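Trainee: Below is the file upload.txt, which contains compact mmCIF, C-alpha atoms.
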# COMPACT_ATOMS: atom_id res chain seq x y z
CA MET A 585 28.15 -27.64 136.43
CA LEU A 586 28.02 -29.19 139.93
CA GLY A 587 26.05 -32.41 139.92
CA THR A 588 27.85 -33.98 136.95
CA THR A 589 28.75 -37.54 137.98
CA PHE A 590 32.39 -38.50 137.36
CA TYR A 591 35.24 -40.25 139.17
CA ASN A 592 38.80 -40.29 137.81
CA GLN A 593 40.35 -42.18 140.80
CA SER A 594 43.20 -39.64 140.89
CA ILE A 595 43.66 -39.61 144.68
CA ARG A 596 43.33 -43.39 144.92
CA LYS A 597 46.03 -43.87 142.28
CA VAL A 598 48.40 -41.57 144.18
CA LEU A 599 47.85 -43.45 147.45
CA VAL A 600 48.43 -46.82 145.76
CA ALA A 601 51.59 -45.54 144.07
CA PHE A 602 52.88 -44.14 147.37
CA GLY A 603 52.33 -47.46 149.16
CA THR A 604 54.09 -49.30 146.34
CA LEU A 605 57.29 -47.38 147.12
CA PHE A 606 57.59 -49.04 150.54
CA ASN A 607 55.96 -52.47 150.15
CA ASN A 608 59.17 -54.36 149.35
CA ILE A 609 61.50 -53.34 152.17
CA SER A 610 63.39 -56.08 154.04
CA ILE A 611 66.07 -56.18 156.74
CA ASP A 612 68.70 -58.79 157.65
CA ARG A 613 69.01 -60.12 161.20
CA VAL A 614 71.95 -62.17 162.50
CA ASP A 615 71.40 -64.46 165.51
CA SER A 616 73.93 -65.45 168.15
CA ASN A 617 75.13 -68.30 165.94
CA GLY A 618 75.91 -65.97 163.06
CA VAL A 619 72.97 -67.14 160.95
CA SER A 620 71.46 -64.38 158.86
CA THR A 621 67.70 -64.19 158.33
CA ARG A 622 65.94 -61.81 155.92
CA VAL A 623 62.71 -60.32 157.28
CA LYS A 624 60.23 -58.53 155.03
CA ILE A 625 58.59 -55.52 156.68
CA PRO A 626 54.75 -55.59 156.53
CA LEU A 627 53.04 -52.43 155.28
CA SER A 628 49.44 -51.43 155.92
CA TYR A 629 47.19 -48.38 155.49
CA ALA A 630 46.22 -47.23 158.97
CA PRO A 631 46.36 -44.11 161.17
CA ARG A 632 49.58 -44.02 163.18
CA ALA A 633 47.91 -43.67 166.61
CA ARG A 634 45.49 -46.57 166.07
CA PHE A 635 48.25 -48.66 164.53
CA VAL A 636 50.44 -48.33 167.64
CA GLN A 637 47.41 -48.83 169.90
CA ARG A 638 46.58 -52.07 168.12
CA LEU A 639 50.11 -53.37 168.69
CA ASN A 640 49.78 -52.64 172.40
CA GLN A 641 46.40 -54.39 172.66
CA GLU A 642 47.37 -57.60 170.86
CA ASP A 643 46.90 -60.79 172.88
CA ARG A 644 50.45 -61.81 173.76
CA SER A 645 49.60 -65.02 175.61
CA ASP A 646 51.20 -67.00 172.79
CA THR A 647 52.77 -64.30 170.61
CA GLU A 648 55.11 -61.63 171.87
CA VAL A 649 55.40 -58.16 170.36
CA GLU A 650 58.99 -58.97 169.36
CA THR A 651 57.69 -61.36 166.71
CA MET A 652 55.31 -58.69 165.31
CA LEU A 653 57.83 -55.91 164.84
CA PRO A 654 59.10 -54.07 162.89
CA ARG A 655 56.08 -52.91 160.87
CA MET A 656 55.14 -49.92 158.73
CA ALA A 657 51.89 -48.04 158.13
CA PHE A 658 50.94 -44.95 156.14
CA GLU A 659 48.02 -42.54 156.34
CA TRP A 660 46.67 -39.72 154.16
CA THR A 661 46.00 -36.79 156.51
CA GLU A 662 45.42 -33.63 154.47
CA ILE A 663 44.75 -32.18 151.01
CA SER A 664 45.37 -28.54 150.06
CA PHE A 665 45.25 -26.41 146.91
CA ASP A 666 48.66 -25.40 145.49
CA SER A 667 48.34 -21.97 143.85
CA THR A 668 52.02 -21.96 142.76
CA ARG A 669 51.32 -24.66 140.13
CA LYS A 670 48.02 -23.24 138.90
CA LEU A 671 47.79 -22.80 135.09
CA ASN A 672 45.24 -21.05 132.88
CA THR A 673 41.86 -22.65 133.59
CA MET A 674 40.74 -22.22 129.96
CA GLN A 675 43.42 -24.56 128.59
CA LYS A 676 42.31 -28.07 127.71
CA THR A 677 43.80 -31.52 128.28
CA ALA A 678 43.01 -34.32 125.81
CA SER A 679 43.18 -38.10 126.22
CA ILE A 680 42.09 -41.08 124.11
CA SER A 681 38.37 -41.74 124.43
CA SER A 682 36.93 -45.06 125.55
CA SER A 683 34.74 -44.91 122.43
CA GLY A 684 37.75 -45.92 120.36
CA SER A 685 39.83 -44.33 117.62
CA GLY A 686 38.60 -41.15 116.04
CA TYR A 687 37.51 -39.63 119.35
CA VAL A 688 39.21 -37.92 122.30
CA ASP A 689 38.09 -36.91 125.77
CA TYR A 690 39.02 -33.36 126.67
CA ARG A 691 38.91 -31.61 130.02
CA TRP A 692 39.56 -28.10 131.20
CA GLN A 693 42.95 -27.49 132.82
CA ARG A 694 43.73 -29.84 135.71
CA VAL A 695 43.83 -28.41 139.24
CA PRO A 696 46.98 -28.78 141.43
CA TYR A 697 46.62 -30.19 144.95
CA ASP A 698 49.11 -31.32 147.58
CA LEU A 699 48.41 -34.54 149.51
CA THR A 700 50.01 -34.85 152.95
CA ILE A 701 50.83 -38.48 153.83
CA GLY A 702 52.50 -39.77 156.98
CA LEU A 703 54.57 -42.97 157.05
CA ALA A 704 55.11 -44.65 160.44
CA VAL A 705 57.91 -47.16 161.06
CA VAL A 706 57.55 -49.04 164.36
CA ALA A 707 60.41 -51.17 165.63
CA ARG A 708 61.48 -52.82 168.90
CA THR A 709 65.13 -51.86 168.64
CA THR A 710 66.97 -48.83 167.35
CA GLU A 711 68.98 -51.07 165.03
CA ASP A 712 65.89 -52.43 163.27
CA GLY A 713 64.50 -48.92 162.84
CA LEU A 714 67.73 -47.60 161.36
CA LYS A 715 67.94 -50.52 158.92
CA ILE A 716 64.56 -49.45 157.52
CA ILE A 717 65.08 -45.68 157.62
CA GLU A 718 68.41 -45.86 155.80
CA GLN A 719 66.73 -47.70 152.93
CA ILE A 720 64.28 -44.81 152.51
CA LEU A 721 66.00 -41.49 153.18
CA PRO A 722 68.76 -41.60 150.50
CA TYR A 723 66.16 -41.63 147.71
CA PHE A 724 64.50 -38.37 148.78
CA THR A 725 66.53 -35.24 147.97
CA PRO A 726 64.06 -34.13 149.28
CA GLU A 727 61.71 -35.25 146.46
CA PHE A 728 61.29 -38.52 144.58
CA ASN A 729 59.22 -38.64 141.39
CA VAL A 730 56.46 -41.23 141.12
CA THR A 731 54.86 -41.87 137.70
CA ILE A 732 51.06 -42.05 137.87
CA ASN A 733 48.91 -43.45 135.04
CA ASP A 734 46.16 -40.94 135.66
CA VAL A 735 43.93 -39.24 133.09
CA VAL A 736 47.27 -38.00 131.75
CA LYS A 737 50.48 -39.90 132.57
CA THR A 738 52.14 -37.63 135.14
CA ASP A 739 55.29 -37.55 137.28
CA VAL A 740 54.18 -36.74 140.84
CA PRO A 741 56.96 -35.47 143.16
CA ALA A 742 56.83 -37.03 146.64
CA VAL A 743 58.57 -34.47 148.86
CA LEU A 744 59.92 -35.58 152.24
CA THR A 745 59.08 -32.69 154.58
CA SER A 746 60.07 -34.03 158.02
CA VAL A 747 61.47 -37.04 159.91
CA THR A 748 60.90 -37.55 163.65
CA GLN A 749 61.59 -40.34 166.16
CA ASP A 750 59.64 -41.29 169.30
CA ASP A 751 61.05 -43.79 171.81
CA THR A 752 58.43 -45.07 174.29
CA TRP A 753 58.54 -47.59 177.13
CA GLU A 754 55.53 -49.39 178.63
CA GLY A 755 55.06 -51.62 181.69
CA GLY A 756 57.08 -51.93 184.86
CA PHE A 757 60.80 -52.34 185.30
CA VAL A 758 60.52 -56.12 185.11
CA GLU A 759 58.45 -56.41 181.92
CA GLU A 760 59.21 -53.25 180.04
CA ARG A 761 58.12 -53.12 176.40
CA ARG A 762 59.83 -50.69 174.06
CA LEU A 763 58.42 -49.14 170.87
CA ILE A 764 60.57 -46.97 168.65
CA THR A 765 58.41 -45.06 166.17
CA TRP A 766 59.77 -43.15 163.21
CA THR A 767 57.36 -40.73 161.52
CA LEU A 768 58.10 -39.54 157.98
CA ASP A 769 55.85 -36.82 156.53
CA PHE A 770 55.50 -36.48 152.76
CA SER A 771 53.82 -33.97 150.47
CA LEU A 772 52.72 -35.38 147.09
CA LYS A 773 52.15 -32.76 144.40
CA THR A 774 49.36 -34.23 142.32
CA TYR A 775 46.49 -33.00 140.13
CA LEU A 776 42.73 -33.45 140.06
CA TYR A 777 40.73 -33.54 136.82
CA GLY A 778 37.19 -32.43 136.08
CA PRO A 779 34.55 -34.19 133.95
CA SER A 780 35.34 -35.02 130.35
CA THR A 781 33.63 -34.12 127.08
CA GLU A 782 33.98 -36.35 124.02
CA SER A 783 35.04 -34.83 120.72
CA LYS A 784 36.17 -36.10 117.33
CA VAL A 785 39.86 -36.16 116.55
CA ILE A 786 41.02 -33.49 114.09
CA THR A 787 42.49 -35.43 111.17
CA GLU A 788 42.88 -32.58 108.68
CA ALA A 789 44.19 -29.05 108.99
CA ILE A 790 43.60 -26.56 106.15
CA THR A 791 45.51 -23.30 105.83
CA GLN A 792 44.52 -20.79 103.13
CA LEU A 793 46.56 -17.80 102.01
CA TYR A 794 44.88 -14.74 100.52
CA SER A 795 46.02 -11.66 98.75
CA ASN A 796 45.22 -8.57 100.80
CA GLN A 797 45.05 -6.18 97.86
CA ASP A 798 41.28 -5.80 98.14
CA MET A 799 41.26 -5.00 101.81
CA GLU A 800 41.65 -1.21 101.54
CA THR A 801 38.54 -0.01 99.74
CA ALA A 802 37.05 3.49 99.46
CA ASP A 803 34.20 5.26 97.68
CA LEU A 804 34.89 8.57 95.94
CA ILE A 805 31.82 10.79 95.28
CA PHE A 806 32.29 13.53 92.68
CA ASN A 807 30.83 16.94 91.87
CA VAL A 808 29.38 16.77 88.37
CA ALA A 809 30.19 20.43 87.65
CA SER A 810 33.37 21.02 85.64
CA SER A 811 33.95 17.25 85.30
CA SER A 812 34.23 15.04 82.24
CA GLY A 813 34.85 11.50 81.03
CA ASN A 814 34.18 8.06 82.48
CA PHE A 815 36.58 5.96 84.47
CA ARG A 816 37.38 2.37 83.49
CA VAL A 817 37.66 -0.70 85.73
CA ASP A 818 41.27 -1.56 86.69
CA GLU A 819 42.75 1.73 85.53
CA ILE A 820 44.79 3.78 87.98
CA VAL A 821 43.31 7.07 89.21
CA TYR A 822 45.38 9.73 90.95
CA GLN A 823 45.64 13.29 92.21
CA GLY A 824 48.51 15.58 91.25
CA ASN A 825 49.85 17.57 88.29
CA ASN A 826 50.60 14.35 86.39
CA TYR A 827 50.91 10.61 86.94
CA ASP A 828 54.65 10.72 87.69
CA SER A 829 54.23 13.42 90.34
CA ARG A 830 50.99 12.06 91.80
CA THR A 831 50.31 12.62 95.52
CA CYS A 832 47.93 9.65 95.84
CA SER A 833 46.50 6.87 93.71
CA GLY A 834 44.17 3.89 93.60
CA ARG A 835 42.89 1.19 91.24
CA VAL A 836 39.32 1.39 89.95
CA LEU A 837 37.10 -1.39 91.21
CA SER A 838 33.81 0.02 89.85
CA TRP A 839 32.37 3.25 88.36
CA ASN A 840 28.75 4.43 88.52
CA SER A 841 28.14 7.31 86.13
CA ASP A 842 24.58 7.80 87.45
CA THR A 843 25.58 8.44 91.05
CA TYR A 844 29.06 9.79 90.17
CA SER A 845 30.54 7.21 92.53
CA LEU A 846 33.94 5.59 92.08
CA ARG A 847 35.09 2.61 94.17
CA ILE A 848 38.85 2.09 94.40
CA VAL A 849 41.30 -0.34 95.99
CA ASP A 850 45.10 -0.55 96.33
CA ILE A 851 45.06 2.93 97.83
CA GLU A 852 48.29 4.84 98.28
CA GLY A 853 48.38 8.28 99.89
CA VAL A 854 45.42 10.47 100.91
CA PHE A 855 42.84 11.86 98.48
CA GLU A 856 42.02 15.55 99.03
CA ILE A 857 38.48 16.95 98.86
CA ASN A 858 37.82 19.61 96.13
CA GLU A 859 40.83 18.39 94.16
CA ARG A 860 40.59 16.70 90.77
CA VAL A 861 40.95 12.97 90.33
CA TYR A 862 42.40 11.88 86.99
CA GLY A 863 42.17 8.58 85.12
CA SER A 864 45.59 7.44 83.91
CA SER A 865 44.27 5.79 80.74
CA THR A 866 40.83 7.35 80.06
CA MET A 867 42.00 10.89 80.91
CA ALA A 868 38.69 11.37 82.79
CA ASN A 869 38.87 14.06 85.47
CA TRP A 870 36.41 14.77 88.22
CA VAL A 871 36.38 17.08 91.26
CA LEU A 872 36.26 15.05 94.48
CA ASN A 873 33.30 16.00 96.64
CA ASN A 874 33.36 13.24 99.30
CA TYR A 875 35.65 10.38 100.34
CA SER A 876 34.65 7.44 102.57
CA SER A 877 36.51 4.27 103.55
CA ILE A 878 34.65 0.95 103.43
CA HIS A 879 35.13 -1.61 106.20
CA GLN A 880 34.33 -4.89 104.49
CA ASP A 881 33.87 -8.30 106.04
CA VAL A 882 37.28 -9.95 105.91
CA GLN A 883 36.11 -13.12 104.16
CA SER A 884 34.15 -11.13 101.54
CA ALA A 885 37.05 -8.82 100.90
CA LEU A 886 39.58 -11.63 100.56
CA GLY A 887 37.52 -13.54 98.03
CA THR A 888 39.13 -16.72 96.65
CA ALA A 889 42.24 -18.13 98.28
CA SER A 890 45.41 -18.03 96.21
CA VAL A 891 47.13 -20.91 98.09
CA ARG A 892 45.63 -23.77 100.13
CA MET A 893 47.77 -26.09 102.31
CA THR A 894 46.14 -29.32 103.55
CA THR A 895 47.90 -31.31 106.30
CA THR A 896 46.84 -34.87 107.20
CA PRO A 897 48.46 -37.58 109.36
CA ASP A 898 50.10 -40.55 107.65
CA PRO A 899 48.55 -43.02 108.30
CA VAL A 900 45.20 -41.23 108.25
CA GLY A 901 43.77 -43.44 111.02
CA ALA A 902 46.52 -42.60 113.53
CA ASP A 903 45.42 -41.90 117.10
CA ALA A 904 46.73 -39.16 119.38
CA ASP A 905 49.34 -41.48 120.96
CA ASP A 906 50.43 -43.13 117.67
CA ALA A 907 53.60 -42.33 115.79
CA TYR A 908 52.77 -40.65 112.48
CA ILE A 909 54.23 -38.28 109.90
CA PRO A 910 52.19 -35.26 108.72
CA THR A 911 51.64 -35.07 104.96
CA THR A 912 51.15 -31.60 103.46
CA THR A 913 49.55 -30.91 100.07
CA ILE A 914 49.87 -27.42 98.54
CA ASP A 915 47.38 -26.20 95.93
CA GLU A 916 47.88 -22.90 94.09
CA PHE A 917 45.04 -21.02 92.40
CA PRO A 918 45.51 -18.47 89.60
With the file now loaded, output its structure as structure tokens.

Mentor:
Amino acid sequence: MLGTTFYNQSIRKVLVAFGTLFNNISIDRVDSNGVSTRVKIPLSYAPRARFVQRLNQEDRSDTEVETMLPRMAFEWTEISFDSTRKLNTMQKTASISSSGSGYVDYRWQRVPYDLTIGLAVVARTTEDGLKIIEQILPYFTPEFNVTINDVVKTDVPAVLTSVTQDDTWEGGFVEERRLITWTLDFSLKTYLYGPSTESKVITEAITQLYSNQDMETADLIFNVASSSGNFRVDEIVYQGNNYDSRTCSGRVLSWNSDTYSLRIVDIEGVFEINERVYGSSTMANWVLNNYSSIHQDVQSALGTASVRMTTTPDPVGADADDAYIPTTTIDEFP
């Protein structure tokens, strides 16, 4: 099992989708003259500590930190198995195969994992930080669903787990530099998929109905002494004083006069040893010496189907994701 080469890009797709949520945030600034300027907030993938360290180490001989902020960065920090969303491993998930129509790729049940991702918002002033934070928090209650085009199109909840603020000052009293850092932690409930196996699409389903009258079968072995007559196929045999007051009965399937063996079906009641078995039409009567039930193979016992229902998609060449109407044909056999 291990050693099979595959890559579904599931984690990569989640990280890209998460970044997409925050890559179009802007804030408005108003200068002393009342002129409003819209500033788009840059977003990058970087660890929070190194991101802040890079800002502090930038060469500010010509560019001041005020012109670089605010900025945002996110980082994937942890992955953990989520047992609360675990389903039966033996279930299968199917998707359209790259081989084209008529084939599907199926995988065993996907495995739930939680990705922990941290989003850092770094600003120079509290006002800039709040302008960004208030564009994010109202959408998380505390989760926000993100649709991922993974192996199977899935809604992944992004759960906001915590929000913290860190206000730091650097330098002396004359040239103090201020960094306000907001840290938002998220847990994304995603799935990972195993390797796929290609299989043909089922385009026809056949259901057959059988009569179960031949399922209960038994052999009756008789004592030849004080017995007479021969039974006939399909006649009813019974025990009791007469047919109307019979205690049990069955229909003759076969009779072997050489081995004194009678095979019956459609059994009702219980045949008693050392009691006579009578034929309803031949008037044959034999003393029962042994009784044994026969456990037949189901398919052999059922024989020919009495009804067959065939279901096919319309159109026949429809794929798994196509809209189609099932067409059912019913055939009855005498």

Trainee: Show which residues sit within 12 Å of range 827-834 of chain A, as an NGL selection string. Count only C-alpha atoms, and ignore same-chain residues fewer than 2 positions away.

Mentor: :A and (797-798 or 800-804 or 817-825 or 836-838 or 846-856 or 859-865 or 867)

Trainee: Nearest residue to Thr673 in chain A out of A:Leu703, A:Val695, A:Met652, A:Val619, using only C-alpha atoms?

Mentor: A:Val695

Trainee: For the atom pair CA of Ser679 in chain A and CA of Val735 in chain A, what is the interatomic distance in Å to one decimal place?

Mentor: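 Distance between the two atoms: 7.0 Å.
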
Trainee: Looking at A:Arg613, A:Arg892, A:Lys597, A:Lys624, which one is nearest to Gln792 in chain A, with distances taken over all atoms listed in the file?

Mentor: A:Arg892

Trainee: If I put a ball of radius 9 Å at (34.2, -38.5, 119.7) in the file's coordinates, which residues poke into it when counting only C-alpha atoms, written as JSON, numbers by chain?

Mentor: {"A": [681, 683, 684, 685, 686, 687, 688, 689, 781, 782, 783, 784, 785]}

Trainee: Calculated over all atoms listed in the file, which of the candidates A:Val705, A:Val736, A:Ile595, A:Ala907 has the smallest distance to Leu763 in chain A?

Mentor: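 Ranked by minimum distance to Leu763 in chain A, first place goes to A:Val705.
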
Trainee: Which is closest to Ile732 in chain A among A:Thr621, A:Thr774, A:Thr911, A:Asn826, if we use all atoms listed in the file?

Mentor: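 Closest candidate: A:Thr774.
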
Trainee: In Å, how far is it from CA of Glu727 in chain A to CA of Ser667 in chain A?

Mentor: 19.0 Å

Trainee: Nearest to Leu721 in chain A among A:Ile786, A:Leu768, A:Ile663, A:Leu872, with distances taken over all atoms listed in the file: which residue is it?

Mentor: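 Of the candidates, the smallest distance to Leu721 in chain A is held by A:Leu768.
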
Trainee: Can you work out the spacing between CA of Ser811 in chain A and CA of Arg835 in chain A in Å, to one decimal?

Mentor: 19.3 Å
